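> What follows is protein_34.txt; its format and atoms are compact mmCIF, C-alpha atoms.
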```
# COMPACT_ATOMS: atom_id res chain seq x y z
CA MET K 1 30.90 -38.40 -79.54
CA ARG K 2 32.40 -41.42 -81.23
CA ILE K 3 35.94 -40.88 -82.51
CA LEU K 4 37.55 -43.41 -84.84
CA PHE K 5 41.33 -43.48 -85.23
CA SER K 6 42.70 -45.25 -88.30
CA SER K 7 46.23 -46.34 -89.18
CA VAL K 8 48.44 -48.42 -91.38
CA PRO K 9 49.31 -51.48 -89.24
CA GLN K 10 52.89 -50.47 -88.48
CA HIS K 11 54.18 -49.16 -85.16
CA GLY K 12 55.67 -46.02 -86.69
CA HIS K 13 52.29 -45.06 -88.14
CA LEU K 14 50.06 -46.20 -85.29
CA LEU K 15 51.88 -45.03 -82.15
CA PRO K 16 51.73 -41.26 -82.89
CA LEU K 17 47.91 -41.47 -82.81
CA PHE K 18 47.71 -42.74 -79.24
CA PRO K 19 48.18 -39.50 -77.25
CA LEU K 20 45.22 -37.87 -79.01
CA ALA K 21 43.15 -41.06 -78.80
CA ARG K 22 43.74 -41.23 -75.05
CA ALA K 23 42.91 -37.54 -74.71
CA PHE K 24 39.54 -37.98 -76.42
CA GLN K 25 38.78 -41.00 -74.25
CA GLU K 26 39.74 -39.12 -71.08
CA ARG K 27 37.40 -36.32 -72.19
CA GLY K 28 34.49 -38.77 -72.17
CA HIS K 29 34.23 -39.78 -75.82
CA ASP K 30 33.91 -43.30 -77.24
CA VAL K 31 37.19 -44.11 -79.02
CA ALA K 32 38.16 -47.02 -81.27
CA VAL K 33 41.23 -47.75 -83.39
CA LEU K 34 40.81 -49.20 -86.88
CA THR K 35 43.82 -51.26 -87.96
CA ALA K 36 44.85 -54.87 -88.61
CA ALA K 37 43.96 -57.62 -86.12
CA GLY K 38 47.66 -58.30 -85.59
CA MET K 39 48.03 -54.92 -83.85
CA ALA K 40 45.46 -55.83 -81.19
CA PRO K 41 48.00 -56.22 -78.33
CA VAL K 42 49.46 -52.77 -79.02
CA VAL K 43 46.00 -51.16 -79.02
CA ALA K 44 44.89 -53.07 -75.92
CA GLU K 45 47.89 -51.79 -73.93
CA GLN K 46 46.54 -48.28 -74.48
CA GLY K 47 43.13 -49.20 -73.08
CA LEU K 48 41.45 -48.37 -76.38
CA GLY K 49 38.80 -50.20 -78.38
CA HIS K 50 39.91 -51.98 -81.55
CA LEU K 51 38.15 -52.52 -84.87
CA ALA K 52 40.11 -55.13 -86.83
CA ALA K 53 40.45 -54.78 -90.60
CA GLY K 54 42.99 -55.86 -93.17
CA PRO K 55 46.33 -57.72 -93.12
CA LEU K 56 49.69 -56.87 -91.59
CA PRO K 57 52.55 -55.30 -93.62
CA ASP K 58 54.18 -58.62 -94.56
CA VAL K 59 51.10 -59.53 -96.57
CA LEU K 60 50.88 -56.05 -98.08
CA PHE K 61 54.54 -55.99 -99.12
CA ALA K 62 54.22 -59.44 -100.68
CA GLU K 63 51.17 -58.36 -102.66
CA VAL K 64 52.85 -55.15 -103.85
CA ALA K 65 55.83 -57.23 -105.00
CA ARG K 66 53.50 -59.66 -106.79
CA ARG K 67 51.67 -56.84 -108.55
CA THR K 68 54.59 -54.57 -109.42
CA GLY K 69 57.89 -56.19 -108.42
CA ALA K 70 58.65 -53.09 -106.33
CA ASP K 71 59.81 -52.72 -102.72
CA PRO K 72 58.39 -49.47 -101.32
CA ALA K 73 60.25 -49.87 -98.02
CA SER K 74 63.86 -50.05 -99.20
CA ALA K 75 63.43 -48.38 -102.60
CA PRO K 76 60.55 -45.93 -102.31
CA THR K 77 59.24 -44.27 -105.45
CA PRO K 78 56.01 -42.30 -105.77
CA GLU K 79 54.47 -45.21 -107.69
CA SER K 80 55.51 -47.98 -105.29
CA VAL K 81 54.58 -45.97 -102.19
CA ALA K 82 51.19 -45.14 -103.67
CA GLU K 83 50.61 -48.79 -104.53
CA PHE K 84 51.37 -49.87 -100.96
CA PHE K 85 49.33 -47.27 -99.07
CA ALA K 86 46.58 -46.22 -101.48
CA GLY K 87 46.28 -49.25 -103.76
CA THR K 88 47.05 -52.61 -102.22
CA ARG K 89 46.22 -51.69 -98.62
CA VAL K 90 42.86 -50.18 -99.59
CA ASP K 91 42.07 -53.20 -101.77
CA LEU K 92 42.82 -55.68 -98.97
CA THR K 93 41.32 -53.68 -96.09
CA ALA K 94 38.43 -51.51 -97.29
CA ASP K 95 35.57 -54.02 -97.17
CA GLU K 96 36.32 -55.16 -93.61
CA ALA K 97 36.90 -51.58 -92.53
CA LEU K 98 33.62 -50.28 -93.93
CA THR K 99 31.70 -53.07 -92.22
CA ALA K 100 33.43 -52.60 -88.88
CA ALA K 101 33.11 -48.81 -88.95
CA ALA K 102 29.42 -48.93 -89.86
CA GLY K 103 28.77 -50.71 -86.56
CA PHE K 104 30.77 -48.08 -84.67
CA GLY K 105 29.19 -45.01 -86.29
CA PRO K 106 31.96 -42.40 -85.99
CA ASP K 107 31.34 -38.68 -85.70
CA LEU K 108 34.98 -37.94 -86.56
CA VAL K 109 37.79 -39.96 -88.13
CA VAL K 110 41.42 -39.21 -87.23
CA ALA K 111 43.75 -40.86 -89.74
CA GLU K 112 47.53 -40.80 -89.91
CA LEU K 113 49.02 -39.24 -93.00
CA CYS K 114 49.57 -42.44 -95.02
CA ASP K 115 46.25 -44.06 -94.13
CA TYR K 116 43.63 -44.00 -96.88
CA VAL K 117 41.24 -46.47 -95.28
CA GLY K 118 40.06 -44.15 -92.50
CA PRO K 119 39.26 -41.31 -94.92
CA LEU K 120 37.33 -43.81 -97.07
CA VAL K 121 35.26 -44.77 -94.01
CA ALA K 122 34.71 -41.09 -93.21
CA ALA K 123 33.63 -40.28 -96.75
CA ALA K 124 31.19 -43.19 -96.78
CA ALA K 125 29.76 -42.06 -93.43
CA GLY K 126 29.71 -38.36 -94.34
CA VAL K 127 31.85 -37.28 -91.38
CA PRO K 128 34.98 -35.08 -91.28
CA VAL K 129 38.59 -36.25 -91.24
CA ALA K 130 41.51 -34.94 -89.22
CA THR K 131 44.85 -36.07 -90.69
CA LEU K 132 47.75 -36.52 -88.28
CA ALA K 133 51.20 -35.88 -89.77
CA PHE K 134 54.20 -37.29 -87.90
CA GLY K 135 57.23 -35.85 -89.66
CA PRO K 136 58.22 -33.17 -92.16
CA PRO K 137 55.86 -32.78 -95.12
CA LEU K 138 56.24 -35.45 -97.79
CA PRO K 139 57.26 -34.19 -101.23
CA ASP K 140 54.30 -33.38 -103.48
CA MET K 141 55.24 -36.16 -105.90
CA PHE K 142 54.46 -38.75 -103.19
CA THR K 143 51.28 -37.20 -101.82
CA GLU K 144 49.90 -36.54 -105.30
CA ALA K 145 50.58 -40.12 -106.41
CA MET K 146 48.92 -41.56 -103.30
CA GLU K 147 45.87 -39.32 -103.55
CA ALA K 148 45.39 -40.00 -107.26
CA LEU K 149 45.45 -43.76 -106.72
CA ALA K 150 43.22 -43.55 -103.62
CA ARG K 151 40.62 -41.65 -105.61
CA THR K 152 40.32 -44.57 -108.05
CA ARG K 153 39.72 -46.96 -105.14
CA TYR K 154 37.05 -44.70 -103.67
CA GLU K 155 35.31 -44.34 -107.02
CA ALA K 156 35.33 -48.11 -107.52
CA ARG K 157 33.34 -48.41 -104.28
CA GLY K 158 30.93 -45.62 -105.12
CA VAL K 159 32.40 -43.29 -102.50
CA THR K 160 33.05 -39.63 -103.29
CA TRP K 161 36.48 -38.32 -102.29
CA ARG K 162 36.37 -35.72 -99.50
CA GLU K 163 39.16 -33.36 -98.54
CA ARG K 164 40.39 -33.45 -94.95
CA THR K 165 39.07 -30.79 -92.58
CA TRP K 166 42.14 -30.54 -90.33
CA LEU K 167 45.84 -31.30 -90.57
CA LEU K 168 47.32 -32.08 -87.15
CA ASP K 169 51.02 -31.30 -87.44
CA THR K 170 53.56 -32.65 -84.92
CA TRP K 171 56.67 -31.30 -86.66
CA PRO K 172 58.39 -28.26 -85.03
CA SER K 173 58.18 -25.11 -87.12
CA SER K 174 61.88 -24.26 -86.76
CA MET K 175 62.78 -27.48 -88.61
CA ARG K 176 60.68 -26.82 -91.69
CA ALA K 177 62.16 -26.26 -95.12
CA ASP K 178 62.26 -22.75 -96.53
CA GLY K 179 59.10 -21.82 -98.36
CA TRP K 180 56.77 -24.00 -96.29
CA GLN K 181 53.25 -22.61 -96.22
CA ARG K 182 50.64 -23.37 -93.60
CA PRO K 183 47.89 -25.51 -95.20
CA GLU K 184 44.20 -24.94 -94.64
CA GLY K 185 42.94 -26.51 -91.42
CA TRP K 186 46.43 -26.64 -89.91
CA LEU K 187 46.63 -27.32 -86.16
CA PRO K 188 49.94 -27.87 -84.34
CA LEU K 189 50.04 -30.86 -81.99
CA ARG K 190 52.82 -31.59 -79.53
CA PRO K 191 54.37 -35.02 -80.24
CA GLU K 192 54.92 -37.40 -77.35
CA ALA K 193 57.42 -40.17 -76.80
CA PHE K 194 55.58 -43.48 -76.90
CA ARG K 195 54.49 -44.79 -73.51
CA VAL K 196 52.11 -47.37 -72.09
CA PRO K 197 49.61 -45.79 -69.67
CA GLY K 198 49.94 -47.07 -66.13
CA ALA K 199 53.15 -48.99 -66.83
CA VAL K 200 55.82 -48.72 -64.17
CA LYS K 201 59.21 -47.71 -65.52
CA GLY K 202 62.03 -50.17 -64.93
CA ASP K 203 65.03 -49.40 -62.78
CA GLY K 204 66.88 -48.32 -65.90
CA LEU K 205 70.52 -48.97 -66.74
CA ALA K 206 73.32 -48.59 -64.26
CA VAL K 207 75.00 -45.20 -64.34
CA SER K 208 78.64 -45.62 -65.36
CA GLY K 209 79.65 -42.01 -65.87
CA ARG K 210 80.24 -42.71 -69.57
CA PRO K 211 78.07 -41.19 -72.32
CA ARG K 212 75.18 -43.42 -73.32
CA VAL K 213 74.46 -44.14 -76.99
CA LEU K 214 71.06 -45.54 -77.90
CA VAL K 215 71.00 -47.44 -81.19
CA THR K 216 67.46 -47.96 -82.45
CA PHE K 217 66.34 -48.83 -85.96
CA GLY K 218 62.65 -49.29 -85.22
CA THR K 219 60.67 -52.47 -85.66
CA TRP K 220 61.64 -53.33 -89.26
CA PHE K 221 65.10 -52.02 -90.15
CA GLY K 222 67.39 -53.52 -87.47
CA ASP K 223 69.25 -55.95 -89.75
CA PRO K 224 72.06 -57.64 -87.74
CA ALA K 225 74.27 -57.82 -90.83
CA LYS K 226 74.02 -54.04 -91.16
CA LEU K 227 74.18 -53.11 -87.47
CA GLY K 228 76.74 -55.64 -86.25
CA PRO K 229 79.83 -53.82 -87.61
CA LEU K 230 78.49 -50.47 -86.41
CA LEU K 231 77.92 -51.81 -82.90
CA ARG K 232 81.37 -53.35 -82.71
CA ALA K 233 82.91 -50.02 -83.68
CA LEU K 234 80.82 -48.08 -81.18
CA ALA K 235 81.72 -50.56 -78.42
CA ALA K 236 85.38 -49.57 -78.87
CA LEU K 237 84.52 -46.03 -77.74
CA ASP K 238 84.39 -45.07 -74.08
CA VAL K 239 80.58 -45.14 -74.11
CA ASP K 240 77.71 -47.36 -73.01
CA VAL K 241 75.80 -48.79 -75.98
CA VAL K 242 72.13 -49.77 -75.70
CA VAL K 243 70.45 -51.40 -78.69
CA THR K 244 66.78 -52.09 -79.39
CA LEU K 245 66.07 -55.42 -81.07
CA GLY K 246 62.97 -54.56 -83.05
CA LEU K 247 60.46 -57.31 -83.74
CA ALA K 248 62.51 -59.95 -85.51
CA ALA K 249 66.20 -59.88 -84.52
CA GLN K 250 67.83 -61.78 -81.65
CA ALA K 251 70.76 -60.46 -79.60
CA GLU K 252 73.02 -63.39 -80.49
CA GLU K 253 72.75 -62.53 -84.21
CA PHE K 254 74.85 -59.35 -83.86
CA GLY K 255 78.26 -60.84 -83.03
CA VAL K 256 79.29 -58.21 -80.45
CA ASP K 257 80.82 -58.15 -76.97
CA HIS K 258 77.72 -58.37 -74.79
CA GLU K 259 79.59 -56.89 -71.85
CA ARG K 260 79.94 -53.64 -73.84
CA VAL K 261 76.64 -53.68 -75.71
CA ARG K 262 73.28 -54.19 -74.01
CA PHE K 263 70.24 -55.30 -76.00
CA VAL K 264 66.67 -54.54 -74.99
CA GLY K 265 63.36 -55.73 -76.41
CA PHE K 266 60.55 -53.47 -77.54
CA THR K 267 60.51 -50.70 -74.91
CA PRO K 268 58.52 -47.45 -74.87
CA MET K 269 60.67 -44.61 -76.19
CA ASP K 270 59.71 -42.50 -73.18
CA GLU K 271 61.67 -44.95 -71.05
CA LEU K 272 64.48 -45.73 -73.48
CA LEU K 273 65.62 -42.12 -73.76
CA ASP K 274 66.26 -41.63 -70.05
CA GLY K 275 69.95 -40.84 -69.57
CA VAL K 276 70.78 -41.05 -73.30
CA ASP K 277 73.36 -38.64 -74.77
CA VAL K 278 73.11 -39.58 -78.46
CA VAL K 279 70.55 -41.53 -80.50
CA VAL K 280 71.87 -43.47 -83.51
CA THR K 281 68.83 -44.26 -85.61
CA HIS K 282 67.37 -45.03 -89.01
CA GLY K 283 65.41 -41.79 -88.71
CA GLY K 284 61.87 -43.02 -88.25
CA ALA K 285 59.54 -40.11 -87.59
CA GLY K 286 58.51 -41.31 -84.13
CA THR K 287 62.08 -41.93 -82.98
CA THR K 288 63.24 -38.59 -84.38
CA ALA K 289 60.43 -36.64 -82.74
CA ALA K 290 60.92 -38.41 -79.40
CA ALA K 291 64.63 -37.62 -79.35
CA LEU K 292 63.99 -33.98 -80.24
CA LEU K 293 61.35 -33.46 -77.57
CA LYS K 294 63.70 -35.03 -74.99
CA GLY K 295 66.54 -32.77 -76.15
CA VAL K 296 68.77 -35.64 -77.34
CA PRO K 297 70.86 -35.10 -80.51
CA LEU K 298 70.82 -37.64 -83.31
CA VAL K 299 73.01 -39.52 -85.74
CA VAL K 300 70.61 -40.49 -88.54
CA LEU K 301 71.36 -43.36 -90.93
CA PRO K 302 68.30 -43.50 -93.22
CA GLN K 303 67.48 -46.92 -94.64
CA GLY K 304 64.33 -46.32 -96.68
CA ALA K 305 60.72 -45.14 -96.56
CA ASP K 306 60.39 -41.52 -95.34
CA GLN K 307 63.59 -41.64 -93.28
CA PHE K 308 65.57 -39.59 -95.78
CA PHE K 309 63.21 -36.65 -95.22
CA GLN K 310 63.77 -36.73 -91.44
CA ALA K 311 67.53 -37.09 -91.98
CA GLU K 312 67.68 -34.04 -94.24
CA ARG K 313 65.81 -31.89 -91.71
CA VAL K 314 67.98 -33.06 -88.79
CA ALA K 315 71.11 -32.08 -90.71
CA ALA K 316 69.65 -28.76 -91.89
CA ALA K 317 68.68 -27.76 -88.34
CA ALA K 318 72.08 -28.91 -86.99
CA VAL K 319 70.45 -31.00 -84.24
CA GLY K 320 72.57 -33.97 -85.25
CA VAL K 321 74.44 -35.58 -88.12
CA ALA K 322 72.92 -37.46 -91.06
CA LEU K 323 74.82 -39.96 -93.23
CA GLU K 324 73.65 -41.09 -96.65
CA PRO K 325 73.77 -44.87 -97.26
CA ALA K 326 77.14 -44.78 -99.04
CA ALA K 327 78.69 -43.06 -96.02
CA GLN K 328 77.20 -45.37 -93.37
CA THR K 329 80.45 -47.17 -92.61
CA ALA K 330 81.49 -48.09 -89.09
CA GLU K 331 84.25 -45.48 -89.17
CA LYS K 332 81.93 -42.70 -90.32
CA VAL K 333 79.33 -43.57 -87.71
CA VAL K 334 81.92 -43.49 -84.92
CA GLU K 335 83.14 -40.14 -86.25
CA ALA K 336 79.57 -38.80 -86.27
CA VAL K 337 78.92 -39.97 -82.70
CA ARG K 338 82.14 -38.32 -81.52
CA ARG K 339 81.15 -35.10 -83.25
CA VAL K 340 77.71 -35.03 -81.65
CA LEU K 341 79.17 -35.72 -78.21
CA GLU K 342 81.79 -32.99 -78.56
CA ASP K 343 79.98 -30.25 -80.52
CA ALA K 344 78.32 -27.92 -78.01
CA SER K 345 76.40 -26.09 -80.75
CA ILE K 346 74.53 -29.27 -81.76
CA ARG K 347 73.46 -29.83 -78.17
CA GLU K 348 72.37 -26.20 -77.82
CA ASN K 349 70.32 -26.46 -81.02
CA VAL K 350 68.48 -29.59 -79.93
CA VAL K 351 67.68 -28.07 -76.52
CA THR K 352 66.19 -25.07 -78.33
CA VAL K 353 64.01 -27.37 -80.46
CA ALA K 354 62.95 -29.29 -77.35
CA LYS K 355 61.75 -26.05 -75.76
CA GLU K 356 59.83 -25.21 -78.94
CA ILE K 357 58.11 -28.61 -78.90
CA ALA K 358 57.23 -28.21 -75.21
CA GLY K 359 55.34 -25.04 -76.14
CA MET K 360 53.15 -26.71 -78.77
CA PRO K 361 49.48 -27.47 -77.86
CA ASP K 362 49.12 -30.84 -76.17
CA ALA K 363 46.67 -33.60 -77.08
CA HIS K 364 43.92 -32.37 -74.74
CA GLU K 365 44.10 -28.86 -76.17
CA VAL K 366 43.87 -30.17 -79.73
CA ALA K 367 41.01 -32.52 -78.81
CA ALA K 368 39.13 -29.49 -77.45
CA GLN K 369 39.76 -27.59 -80.71
CA LEU K 370 38.42 -30.49 -82.74
CA GLU K 371 35.36 -30.83 -80.49
CA ALA K 372 34.60 -27.15 -81.00
CA GLY K 373 34.85 -27.57 -84.78
CA LEU K 374 32.37 -30.44 -85.05
```
Kindly present the structure from the file in structure tokens form.


Amino acid sequence: MRILFSSVPQHGHLLPLFPLARAFQERGHDVAVLTAAGMAPVVAEQGLGHLAAGPLPDVLFAEVARRTGADPASAPTPESVAEFFAGTRVDLTADEALTAAAGFGPDLVVAELCDYVGPLVAAAAGVPVATLAFGPPLPDMFTEAMEALARTRYEARGVTWRERTWLLDTWPSSMRADGWQRPEGWLPLRPEAFRVPGAVKGDGLAVSGRPRVLVTFGTWFGDPAKLGPLLRALAALDVDVVVTLGLAAQAEEFGVDHERVRFVGFTPMDELLDGVDVVVTHGGAGTTAAALLKGVPLVVLPQGADQFFQAERVAAAAVGVALEPAAQTAEKVVEAVRRVLEDASIRENVVTVAKEIAGMPDAHEVAAQLEAGL
């Protein structure tokens, strides 16, 4: 069979698709990934085919700002989020995507939750869609706004909206909000920490005997002006601090003692988490899931997008501490890190969640379920 994976061209959206894509490929299927040309190196590292369509997020954000004046990343509202994912991105990507996908001829499309281009391709081709969710469920006000706007884009292209057939859910059940109900077509899928197949892990960081704190704000939210004071405060603790740089920042921009704080470039999370005692993070879904499955507690400092939803669930499950923006001072962050290091109940809770995640069906098992349903 020919399986097409489709994603918004951002690491946090794209990377969670890779374990299932690799599983389908290892099971003998033809696999391709539909996303912007600028993500080609990331796709190539996975050994997967790539169908290029649409621009990168910088172009999409600029166009959303031109159309509406809104910033869906730092100030998400149902309207601005819908415009980014289901309006502007579809407008600037759909034609290329439909052309590229027609040449591939998919039998199944697997699209991440915020991608409305893959489902458009599937509807045009008359094939089913499996939607991969990579965090707690979004509030209805967001999903309803995105779907309503996407429907108008489909209609404008003469394509009839089709409901998804499966929802592939990577979020552990014990961390769901009260009242959650299993949707139709629900299939649990074990999340994986991002890795590059065949890559040899580095020698890692020297073991000092001190707790290790990983500070990672993903590829877009690591603003040196924001993180610099936090890193200086953390460096005063008796801990080792490791910081990811994201895609734009440089180590010299942070103004810290580089003997106490080590910076690393983009590194697979599977490798970064080795030997880590606490993760201080913006709360991206991929980072949160990776820490949980590795049994590492979190200090979550949400900055925007869907990060507030992850933060709320981390706090509710007591697998870490979450601080709202007004409380994200250097002193409060240090206090939160100390609490996570010293509170045995938090560490017990996150180990329990890690065991739950380990028991979820893996990518090969889910691929087999999808094969059987086609």

> When you draw a straight line from CA of Glu26 in chain K to CA of Glu96 in chain K, how long is it in Å?

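Distance between the two atoms: 27.9 Å.
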
> Which is closest to Pro191 in chain K among K:Glu356, K:Asp306, K:Asp274, K:Glu371, if we use only C-alpha atoms?

K:Glu356

> Which is closer to Asp71 in chain K than all the others in K:Glu83, K:Arg182, K:Val337, K:Thr287, using all atoms listed in the file?

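Closest to Asp71 in chain K of all the choices is K:Glu83.
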
> Neighbours of Gly198 in chain K within 12 Å (only C-alpha atoms; same-chain residues fewer than 5 positions away dropped), as number ranges by chain?

K: 45-47

> So what do you get for CA of Ala290 in chain K versus CA of Phe194 in chain K, distance-wise?

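CA of Phe194 in chain K lies at a distance of 7.8 Å from CA of Ala290 in chain K.
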